[in-house]
file input37.cif (mmCIF, C-alpha atoms and all ligand atoms)
data_final
#
loop_
_atom_site.label_atom_id
_atom_site.label_comp_id
_atom_site.auth_asym_id
_atom_site.auth_seq_id
_atom_site.Cartn_x
_atom_site.Cartn_y
_atom_site.Cartn_z
CA MET E 191 -19.99 -12.88 -24.25
CA VAL E 192 -22.48 -14.35 -26.70
CA PHE E 193 -24.23 -17.68 -26.15
CA ASN E 194 -25.42 -19.29 -29.34
CA GLU E 195 -28.46 -21.10 -28.05
CA SER E 196 -28.92 -22.93 -31.31
CA GLY E 197 -25.45 -24.44 -30.95
CA LYS E 198 -24.33 -27.82 -29.63
CA ILE E 199 -22.88 -28.79 -26.28
CA TRP E 200 -20.82 -31.92 -25.73
CA PHE E 201 -22.58 -33.62 -22.84
CA ASN E 202 -21.42 -37.01 -21.52
CA GLY E 203 -19.86 -38.04 -24.80
CA LYS E 204 -22.50 -36.76 -27.22
CA LEU E 205 -23.21 -33.49 -28.95
CA VAL E 206 -26.65 -32.35 -27.82
CA ASN E 207 -28.74 -29.28 -28.56
CA TRP E 208 -27.81 -26.30 -26.39
CA LYS E 209 -31.16 -26.20 -24.61
CA GLU E 210 -31.12 -29.92 -23.90
CA ALA E 211 -27.87 -29.88 -21.94
CA ASN E 212 -29.65 -29.92 -18.56
CA ILE E 213 -29.17 -31.53 -15.14
CA HIS E 214 -31.41 -32.46 -12.23
CA VAL E 215 -31.77 -29.95 -9.37
CA LEU E 216 -30.68 -32.65 -6.92
CA SER E 217 -27.36 -33.18 -8.68
CA HIS E 218 -24.54 -33.29 -6.13
CA VAL E 219 -22.77 -30.32 -7.73
CA VAL E 220 -25.71 -27.99 -7.08
CA HIS E 221 -25.56 -28.63 -3.34
CA TYR E 222 -21.90 -29.21 -2.57
CA GLY E 223 -20.02 -27.46 -5.36
CA SER E 224 -18.46 -30.68 -6.62
CA SER E 225 -17.07 -29.60 -9.98
CA VAL E 226 -13.76 -28.99 -11.67
CA PHE E 227 -13.43 -27.00 -14.84
CA GLU E 228 -11.23 -25.21 -17.34
CA GLY E 229 -11.28 -22.04 -19.39
CA ILE E 230 -9.50 -22.28 -22.74
CA ARG E 231 -9.39 -20.03 -25.79
CA CYS E 232 -9.43 -20.76 -29.48
CA TYR E 233 -7.98 -17.96 -31.61
CA ARG E 234 -8.42 -17.00 -35.24
CA THR E 235 -5.02 -17.23 -36.93
CA LYS E 236 -3.88 -16.87 -40.54
CA LYS E 237 -3.65 -20.67 -40.70
CA GLY E 238 -7.15 -21.16 -39.33
CA PRO E 239 -8.54 -21.53 -35.80
CA ALA E 240 -6.06 -22.66 -33.15
CA ILE E 241 -6.54 -23.62 -29.51
CA PHE E 242 -4.03 -22.14 -27.07
CA ARG E 243 -2.21 -24.75 -24.96
CA LEU E 244 -4.99 -27.33 -25.16
CA LYS E 245 -2.81 -30.14 -23.81
CA GLU E 246 -1.84 -28.17 -20.69
CA HIS E 247 -5.43 -27.15 -20.00
CA VAL E 248 -6.75 -30.69 -20.36
CA ASN E 249 -3.91 -31.94 -18.18
CA ARG E 250 -4.80 -29.37 -15.49
CA LEU E 251 -8.46 -30.45 -15.70
CA PHE E 252 -7.49 -34.07 -15.18
CA ASN E 253 -5.23 -33.14 -12.27
CA SER E 254 -8.06 -31.14 -10.68
CA ALA E 255 -10.27 -34.23 -11.04
CA LYS E 256 -7.59 -36.46 -9.52
CA ILE E 257 -7.24 -34.19 -6.48
CA TYR E 258 -10.99 -34.62 -5.88
CA ARG E 259 -10.86 -38.41 -6.43
CA MET E 260 -12.86 -38.23 -9.63
CA ASP E 261 -12.19 -41.25 -11.85
CA VAL E 262 -12.50 -39.72 -15.29
CA GLU E 263 -13.63 -42.24 -17.88
CA TYR E 264 -11.89 -40.55 -20.81
CA SER E 265 -8.22 -40.22 -21.63
CA GLU E 266 -6.69 -36.75 -21.96
CA ASP E 267 -6.37 -37.34 -25.71
CA GLU E 268 -10.02 -38.34 -26.02
CA PHE E 269 -11.09 -35.28 -24.09
CA SER E 270 -8.92 -33.00 -26.24
CA GLU E 271 -10.47 -34.53 -29.36
CA ALA E 272 -13.91 -33.82 -27.91
CA VAL E 273 -12.96 -30.16 -27.45
CA ILE E 274 -11.98 -29.93 -31.12
CA GLU E 275 -15.15 -31.77 -32.19
CA THR E 276 -17.31 -29.34 -30.20
CA ILE E 277 -15.74 -26.24 -31.76
CA LYS E 278 -16.15 -27.70 -35.23
CA ALA E 279 -19.77 -28.67 -34.57
CA ASN E 280 -20.48 -25.06 -33.60
CA GLU E 281 -18.62 -23.71 -36.64
CA LEU E 282 -16.68 -21.25 -34.53
CA VAL E 283 -13.29 -19.88 -35.54
CA GLU E 284 -12.65 -17.95 -32.35
CA CYS E 285 -14.17 -18.86 -29.02
CA TYR E 286 -13.97 -19.49 -25.32
CA ILE E 287 -14.08 -23.14 -24.30
CA ARG E 288 -15.52 -24.28 -20.98
CA PRO E 289 -15.03 -27.93 -20.05
CA VAL E 290 -16.59 -29.04 -16.74
CA ILE E 291 -16.54 -32.34 -14.88
CA PHE E 292 -19.01 -32.58 -12.02
CA ARG E 293 -20.79 -35.01 -9.76
CA GLY E 294 -24.34 -35.54 -10.92
CA TYR E 295 -27.57 -37.07 -9.68
CA GLY E 296 -27.53 -40.14 -7.45
CA LYS E 297 -27.34 -39.95 -3.69
CA LEU E 298 -27.37 -36.62 -1.92
CA GLY E 299 -25.00 -36.26 1.01
CA VAL E 300 -21.53 -34.91 1.59
CA HIS E 301 -19.83 -38.19 0.65
CA PRO E 302 -19.85 -37.83 -3.12
CA LEU E 303 -18.78 -41.14 -4.59
CA GLU E 304 -22.23 -42.57 -5.31
CA ASN E 305 -23.04 -39.79 -7.74
CA PRO E 306 -22.04 -40.37 -11.36
CA LEU E 307 -19.55 -38.05 -13.00
CA GLU E 308 -20.90 -35.87 -15.77
CA TYR E 309 -18.90 -34.20 -18.51
CA VAL E 310 -19.57 -30.98 -20.39
CA ILE E 311 -17.75 -29.03 -23.08
CA ALA E 312 -19.42 -25.76 -24.07
CA VAL E 313 -18.03 -23.15 -26.48
CA TRP E 314 -19.10 -19.61 -27.26
CA SER E 315 -17.85 -16.38 -28.78
CA TRP E 316 -16.19 -14.16 -26.25
CA GLY E 317 -14.26 -10.93 -26.64
CA LYS E 318 -12.01 -9.35 -24.10
CA TYR E 319 -12.77 -10.20 -20.47
CA LEU E 320 -11.91 -6.87 -18.89
CA GLY E 321 -12.76 -4.91 -22.06
CA GLU E 322 -10.75 -3.98 -25.20
CA GLU E 323 -9.71 -0.71 -23.61
CA ALA E 324 -8.27 -2.48 -20.59
CA LEU E 325 -5.61 -4.18 -22.71
CA GLU E 326 -4.22 -0.79 -23.62
CA LYS E 327 -5.08 1.53 -20.77
CA GLY E 328 -4.97 -0.93 -17.91
CA VAL E 329 -7.33 -1.59 -15.03
CA ASP E 330 -7.80 -0.27 -11.50
CA VAL E 331 -7.52 -2.96 -8.86
CA GLY E 332 -8.01 -3.03 -5.12
CA VAL E 333 -6.54 -5.41 -2.57
CA SER E 334 -9.42 -7.46 -1.23
CA THR E 335 -10.28 -7.97 2.41
CA TRP E 336 -10.98 -11.57 1.41
CA ARG E 337 -7.89 -13.78 1.53
CA ARG E 338 -7.10 -16.70 -0.79
CA LEU E 339 -7.85 -20.10 0.66
CA ALA E 340 -5.18 -21.31 3.06
CA PRO E 341 -3.36 -24.35 1.66
CA ASP E 342 -4.80 -26.75 4.24
CA THR E 343 -8.42 -25.66 3.63
CA MET E 344 -9.05 -26.16 -0.09
CA PRO E 345 -6.56 -27.18 -2.77
CA ASN E 346 -5.75 -24.15 -4.89
CA ILE E 347 -3.98 -26.13 -7.60
CA ALA E 348 -7.33 -27.74 -8.41
CA LYS E 349 -9.46 -25.46 -10.57
CA ALA E 350 -12.61 -26.38 -8.68
CA GLY E 351 -15.91 -24.54 -9.02
CA SER E 352 -16.13 -24.18 -5.25
CA ASN E 353 -12.88 -22.16 -5.12
CA TYR E 354 -14.75 -19.47 -7.01
CA MET E 355 -17.04 -18.74 -4.08
CA ASN E 356 -13.90 -17.17 -2.61
CA SER E 357 -13.19 -15.37 -5.89
CA GLN E 358 -16.80 -14.17 -6.11
CA LEU E 359 -16.61 -12.53 -2.69
CA ALA E 360 -13.48 -10.65 -3.69
CA LYS E 361 -14.84 -9.74 -7.13
CA MET E 362 -18.15 -8.40 -5.77
CA GLU E 363 -16.32 -6.39 -3.13
CA SER E 364 -13.93 -4.90 -5.69
CA VAL E 365 -16.71 -3.92 -8.09
CA ALA E 366 -18.73 -2.41 -5.22
CA ASN E 367 -15.64 -0.33 -4.39
CA GLY E 368 -15.36 0.89 -7.97
CA TYR E 369 -12.47 -1.31 -9.12
CA HIS E 370 -12.27 -3.55 -12.17
CA GLU E 371 -10.67 -6.40 -10.30
CA ALA E 372 -9.39 -7.56 -6.92
CA ILE E 373 -5.98 -8.75 -5.86
CA MET E 374 -6.11 -11.28 -3.05
CA LEU E 375 -3.47 -11.89 -0.42
CA ASP E 376 -2.66 -15.37 0.82
CA TYR E 377 -3.27 -16.58 4.38
CA GLN E 378 0.02 -15.03 5.48
CA GLY E 379 -0.75 -11.67 3.94
CA MET E 380 1.50 -11.91 0.87
CA VAL E 381 0.26 -11.13 -2.64
CA SER E 382 -1.40 -14.17 -4.22
CA GLU E 383 -3.48 -13.49 -7.35
CA GLY E 384 -6.60 -11.93 -8.85
CA THR E 385 -10.04 -13.54 -8.76
CA GLY E 386 -9.37 -15.20 -12.10
CA GLU E 387 -5.88 -14.03 -13.01
CA ASN E 388 -2.28 -14.26 -11.88
CA VAL E 389 -0.36 -11.11 -11.10
CA PHE E 390 3.06 -9.85 -12.18
CA LEU E 391 5.04 -6.71 -11.43
CA ILE E 392 8.16 -5.16 -12.85
CA LYS E 393 10.67 -3.31 -10.70
CA ASP E 394 14.04 -2.15 -12.01
CA GLU E 395 13.58 -4.31 -15.13
CA VAL E 396 13.09 -7.51 -13.13
CA LEU E 397 9.82 -9.41 -13.54
CA TYR E 398 8.31 -10.65 -10.25
CA THR E 399 5.40 -12.99 -9.67
CA PRO E 400 4.28 -14.79 -6.49
CA PRO E 401 5.29 -18.46 -6.14
CA ALA E 402 2.79 -21.36 -6.19
CA SER E 403 3.09 -21.55 -2.38
CA THR E 404 0.92 -18.41 -2.08
CA SER E 405 -2.32 -20.36 -2.69
CA LEU E 406 -2.59 -19.38 -6.33
CA LEU E 407 -3.78 -21.30 -9.35
CA PRO E 408 -0.65 -21.90 -11.45
CA GLY E 409 -1.90 -20.23 -14.59
CA ILE E 410 -1.07 -21.43 -18.06
CA THR E 411 -0.82 -17.81 -19.23
CA ARG E 412 1.50 -17.15 -16.26
CA ASP E 413 3.72 -19.97 -17.45
CA SER E 414 3.64 -18.63 -21.02
CA ILE E 415 4.65 -15.14 -19.90
CA ILE E 416 7.51 -16.50 -17.78
CA LYS E 417 8.77 -18.47 -20.81
CA LEU E 418 8.47 -15.43 -23.10
CA ALA E 419 10.25 -13.19 -20.59
CA LEU E 420 13.12 -15.65 -20.18
CA SER E 421 13.46 -15.91 -23.96
CA MET E 422 13.85 -12.12 -24.03
CA ASP E 423 16.55 -12.25 -21.33
CA ILE E 424 14.31 -10.57 -18.79
CA GLU E 425 15.18 -11.68 -15.26
CA VAL E 426 12.24 -13.51 -13.66
CA ARG E 427 11.84 -13.97 -9.92
CA GLU E 428 9.10 -16.11 -8.41
CA GLU E 429 9.18 -14.81 -4.87
CA LEU E 430 6.97 -13.57 -2.05
CA ILE E 431 5.61 -10.12 -2.77
CA PRO E 432 4.38 -7.85 0.01
CA ARG E 433 1.32 -5.76 -0.86
CA GLU E 434 3.20 -2.48 -0.94
CA MET E 435 5.51 -3.76 -3.69
CA LEU E 436 2.49 -3.35 -5.96
CA TYR E 437 2.31 0.35 -5.10
CA ILE E 438 5.94 1.07 -5.88
CA ALA E 439 6.26 -1.20 -8.93
CA ASP E 440 7.32 0.37 -12.23
CA GLU E 441 4.71 -1.74 -14.02
CA ALA E 442 2.18 -4.41 -13.12
CA PHE E 443 -0.18 -6.66 -15.06
CA LEU E 444 -2.63 -9.53 -14.77
CA THR E 445 -2.55 -12.74 -16.82
CA GLY E 446 -5.19 -15.34 -17.54
CA THR E 447 -7.03 -17.10 -20.31
CA ALA E 448 -9.87 -14.61 -20.02
CA ALA E 449 -7.84 -11.49 -19.16
CA GLU E 450 -4.90 -12.44 -21.45
CA VAL E 451 -2.24 -9.82 -20.52
CA THR E 452 -3.96 -6.83 -18.91
CA PRO E 453 -1.93 -3.92 -17.49
CA ILE E 454 -2.73 -2.65 -13.98
CA ARG E 455 -2.79 1.13 -13.81
CA SER E 456 -3.58 1.55 -10.13
CA VAL E 457 -3.72 -0.46 -6.92
CA ASP E 458 -5.85 0.82 -4.02
CA GLN E 459 -6.10 4.13 -5.91
CA ILE E 460 -2.33 4.50 -5.96
CA THR E 461 -1.01 4.96 -9.50
CA VAL E 462 1.35 2.22 -10.62
CA GLY E 463 4.34 3.57 -12.57
CA SER E 464 3.19 5.91 -15.31
CA GLY E 465 -0.47 4.93 -14.85
CA LYS E 466 -0.64 3.31 -18.27
CA ARG E 467 0.66 0.21 -19.97
CA GLY E 468 4.37 0.00 -19.15
CA GLU E 469 7.07 -0.63 -21.73
CA ILE E 470 8.00 -4.19 -20.70
CA THR E 471 4.33 -5.08 -20.22
CA GLY E 472 3.69 -3.81 -23.75
CA ILE E 473 6.51 -5.91 -25.22
CA LEU E 474 5.39 -9.08 -23.40
CA GLN E 475 1.77 -8.45 -24.37
CA LYS E 476 2.70 -7.98 -28.04
CA ASN E 477 4.84 -11.12 -28.08
CA PHE E 478 2.02 -13.07 -26.49
CA PHE E 479 -0.59 -11.80 -28.98
CA ASP E 480 1.75 -12.32 -31.94
CA ILE E 481 2.07 -15.99 -31.05
CA ILE E 482 -1.61 -16.61 -30.38
CA ASN E 483 -2.62 -14.78 -33.53
CA GLY E 484 -0.13 -16.86 -35.53
CA GLU E 485 1.91 -13.81 -36.53
CA LYS E 486 5.07 -15.02 -34.87
CA GLU E 487 6.54 -18.52 -35.03
CA ASP E 488 5.02 -20.76 -32.38
CA LYS E 489 8.33 -22.20 -31.28
CA TYR E 490 6.86 -23.60 -28.09
CA GLY E 491 4.16 -25.62 -29.85
CA TRP E 492 1.40 -23.81 -27.98
CA LEU E 493 -1.19 -23.87 -30.75
CA THR E 494 -3.38 -26.80 -31.74
CA PHE E 495 -4.88 -26.12 -35.16
CA LEU E 496 -8.39 -27.38 -35.75
CA GLU E 497 -7.57 -28.62 -39.24
N1 LIG E 501 -6.00 -17.72 -11.06
C1 LIG E 501 -7.30 -18.01 -11.03
C2 LIG E 501 -8.01 -18.02 -9.72
C3 LIG E 501 -7.99 -18.29 -12.23
O1 LIG E 501 -9.29 -18.57 -12.21
C4 LIG E 501 -7.29 -18.24 -13.45
C5 LIG E 501 -8.02 -18.52 -14.72
N2 LIG E 501 -8.03 -19.88 -15.04
C6 LIG E 501 -5.92 -17.92 -13.43
C7 LIG E 501 -5.31 -17.67 -12.21
C8 LIG E 501 -5.14 -17.85 -14.69
O2 LIG E 501 -4.95 -19.14 -15.22
P1 LIG E 501 -4.81 -19.38 -16.78
O3 LIG E 501 -3.73 -18.49 -17.24
O4 LIG E 501 -4.44 -20.81 -16.89
O5 LIG E 501 -6.12 -19.07 -17.41
#
call {"tool": "encode", "arguments": {"input": "input37.cif", "output": "structure tokens", "more": "lines below"}}
Ligand code: PMP
result
Amino acid sequence: MVFNESGKIWFNGKLVNWKEANIHVLSHVVHYGSSVFEGIRCYRTKKGPAIFRLKEHVNRLFNSAKIYRMDVEYSEDEFSEAVIETIKANELVECYIRPVIFRGYGKLGVHPLENPLEYVIAVWSWGKYLGEEALEKGVDVGVSTWRRLAPDTMPNIAKAGSNYMNSQLAKMESVANGYHEAIMLDYQGMVSEGTGENVFLIKDEVLYTPPASTSLLPGITRDSIIKLALSMDIEVREELIPREMLYIADEAFLTGTAAEVTPIRSVDQITVGSGKRGEITGILQKNFFDIINGEKEDKYGWLTFLE
């Protein structure tokens, strides 16, 4: 991850210098975690830079804001335009995009509505989240002792900054235990997701992934992989997955904007399948990369070209 500190950040409607995109320490978000955000990628393609599923990401951001009663003063189209403007202003052809909407400085207290909303779009160069090698060799994951948030505690469909306190606990625990990543169970003990990824497994040529009712964030990469699998006549089942299904799966992988499609080679130190990227995982991964790199026809209209 490389920050370009001489770049520009879109801050409340204007492009400002990187180092001037600051907030007050008494901003509501600092104290009560009142933010919603997105993670989006822009890829280098043969036809120039293209943003992956911009519309869906901006729509999810606006839905996250709605859940938290944030009255966003931009339209989704205006916000999408601002994302494009920010990438162009930074002259990047390939980058990670981080939009955030948060409650700023006004009146401190749990009731948030007297704090103005603030809007940020930052972009920077970013390679592979779990490492280049991970995409080929896979990662070691451990099931966390920390559960995903129960559905009546915090809304998991909102991509809110505060949800990531839960993810941070699981991530720190997994790294301390020598794993690359954690898999969290939901409040009933069924497989939910990673700390920033959704999870899939393959058993007897059927692709399984947990349903939205397991407190997961419905990932845009998850949706893309389901669509790709169906187009390849792979049977897809969104159903409850007990932890031990991960151990006896033929293949397993994680999906996310940051992690893209990353194979899982072991769970709780038990080797999954052959212990390397499985065949179906490899095919899905290749199809996914071929579309985002512009090498295969984008028949789903997933790419928004900058020019
Ligand atoms: N779950 C969580 C908790 C995440 O943070 C992410 C990353 N946004 C995902 C799943 C994957 O979502 P997406 O594919 O939309 O990036």
call {"tool": "residues_near_ligand", "arguments": {"input": "input37.cif", "ligand": "ligand LIG 501 (chain E)", "cutoff": "6 Å", "atoms": "all atoms listed in the file", "output": "MDAnalysis selection string"}}
result
chainID E and resid 229 385:388 407 409:412 445:447
call {"tool": "closest_residue", "arguments": {"input": "input37.cif", "among": "E:Val283, E:Val273, E:Ile291, E:Ile416", "to": "E:Gly351", "atoms": "only C-alpha atoms"}}
result
E:Ile291
call {"tool": "atom_distance", "arguments": {"input": "input37.cif", "atom1": "atom CA of E:Pro289", "atom2": "atom CA of E:Glu304"}}
result
22.0 Å
call {"tool": "residues_around", "arguments": {"input": "input37.cif", "residues": "stretch 473-475 of chain E", "least_positions_apart": "4", "cutoff": "8 Å", "atoms": "all atoms listed in the file", "output": "list of chain:residue names"}}
result
E:Ile415, E:Leu418, E:Ala419, E:Val451, E:Glu469, E:Phe479
call {"tool": "residues_around", "arguments": {"input": "input37.cif", "residues": "E:Asn253", "least_positions_apart": "3", "cutoff": "9 Å", "atoms": "all atoms listed in the file", "output": "VMD selection string"}}
result
chain E and resid 248 to 250 256 to 258 347 to 349
call {"tool": "write_last_selection", "arguments": {"input": "input37.cif", "atoms": "C-alpha atoms", "output": "PDB file, keeping the file's coordinate frame"}}
result
ATOM      1  CA  VAL E 248      -6.750 -30.690 -20.360  1.00  0.00           C
ATOM      2  CA  ASN E 249      -3.910 -31.940 -18.180  1.00  0.00           C
ATOM      3  CA  ARG E 250      -4.800 -29.370 -15.490  1.00  0.00           C
ATOM      4  CA  LYS E 256      -7.590 -36.460  -9.520  1.00  0.00           C
ATOM      5  CA  ILE E 257      -7.240 -34.190  -6.480  1.00  0.00           C
ATOM      6  CA  TYR E 258     -10.990 -34.620  -5.880  1.00  0.00           C
ATOM      7  CA  ILE E 347      -3.980 -26.130  -7.600  1.00  0.00           C
ATOM      8  CA  ALA E 348      -7.330 -27.740  -8.410  1.00  0.00           C
ATOM      9  CA  LYS E 349      -9.460 -25.460 -10.570  1.00  0.00           C
TER      10      LYS E 349
END
call {"tool": "residues_near_point", "arguments": {"input": "input37.cif", "point": "(-24.3, -32.2, -20.4)", "cutoff": "9 Å", "atoms": "all atoms listed in the file", "output": "number ranges by chain"}}
result
E: 199-206, 210-213, 308-312
call {"tool": "atom_distance", "arguments": {"input": "input37.cif", "atom1": "atom CA of E:Ile438", "atom2": "atom CA of E:Gly465"}}
result
11.7 Å
call {"tool": "closest_residue", "arguments": {"input": "input37.cif", "among": "E:Thr404, E:Ser382, E:Ser414, E:Thr452", "to": "E:Phe242", "atoms": "all atoms listed in the file"}}
result
E:Ser414
call {"tool": "atom_distance", "arguments": {"input": "input37.cif", "atom1": "atom CA of E:Thr399", "atom2": "atom CA of E:Met374"}}
result
13.4 Å
call {"tool": "axis_aligned_box", "arguments": {"input": "input37.cif", "around": "stretch 365-369 of chain E", "padding_each_side": "4 Å", "output": "lines of an AutoDock Vina configuration file"}}
result
center_x = -15.6
center_y = -1.5
center_z = -6.8
size_x = 14.3
size_y = 12.8
size_z = 12.7
call {"tool": "residues_around", "arguments": {"input": "input37.cif", "residues": "stretch 313-329 of chain E", "least_positions_apart": "6", "cutoff": "6 Å", "atoms": "all atoms listed in the file", "output": "list of chain:residue names"}}
result
E:Met191, E:Val192, E:Phe193, E:Cys285, E:Tyr286, E:Ile287, E:Ala448, E:Ala449, E:Thr452, E:Pro453, E:Ile454, E:Arg455, E:Lys466, E:Arg467
call {"tool": "residues_around", "arguments": {"input": "input37.cif", "residues": "E:Asn356", "least_positions_apart": "4", "cutoff": "10 Å", "atoms": "all atoms listed in the file", "output": "list in words"}}
result
Trp336, Arg337, Arg338, Leu339, Gly351, Ser352, Ala360, Lys361, Met374 and Thr385 of chain E
call {"tool": "closest_residue", "arguments": {"input": "input37.cif", "among": "E:Ile481, E:Ala340, E:Ala372, E:Ala350", "to": "E:Phe252", "atoms": "only C-alpha atoms"}}
result
E:Ala350
call {"tool": "closest_residue", "arguments": {"input": "input37.cif", "among": "E:Arg288, E:Lys209, E:Lys417, E:Lys393", "to": "E:Thr276", "atoms": "all atoms listed in the file"}}
result
E:Arg288
call {"tool": "residues_around", "arguments": {"input": "input37.cif", "residues": "E:Met380", "least_positions_apart": "6", "cutoff": "8 Å", "atoms": "only C-alpha atoms", "output": "ChimeraX atom specification"}}
result
/E:404,430-433
call {"tool": "residues_near_point", "arguments": {"input": "input37.cif", "point": "(-28.7, -23.4, -29.2)", "cutoff": "7 Å", "atoms": "only C-alpha atoms", "output": "ChimeraX atom specification"}}
result
/E:194-198,207-209
call {"tool": "closest_residue", "arguments": {"input": "input37.cif", "among": "E:Tyr295, E:Glu266, E:Asp458, E:Arg231", "to": "E:Thr335", "atoms": "all atoms listed in the file"}}
result
E:Asp458
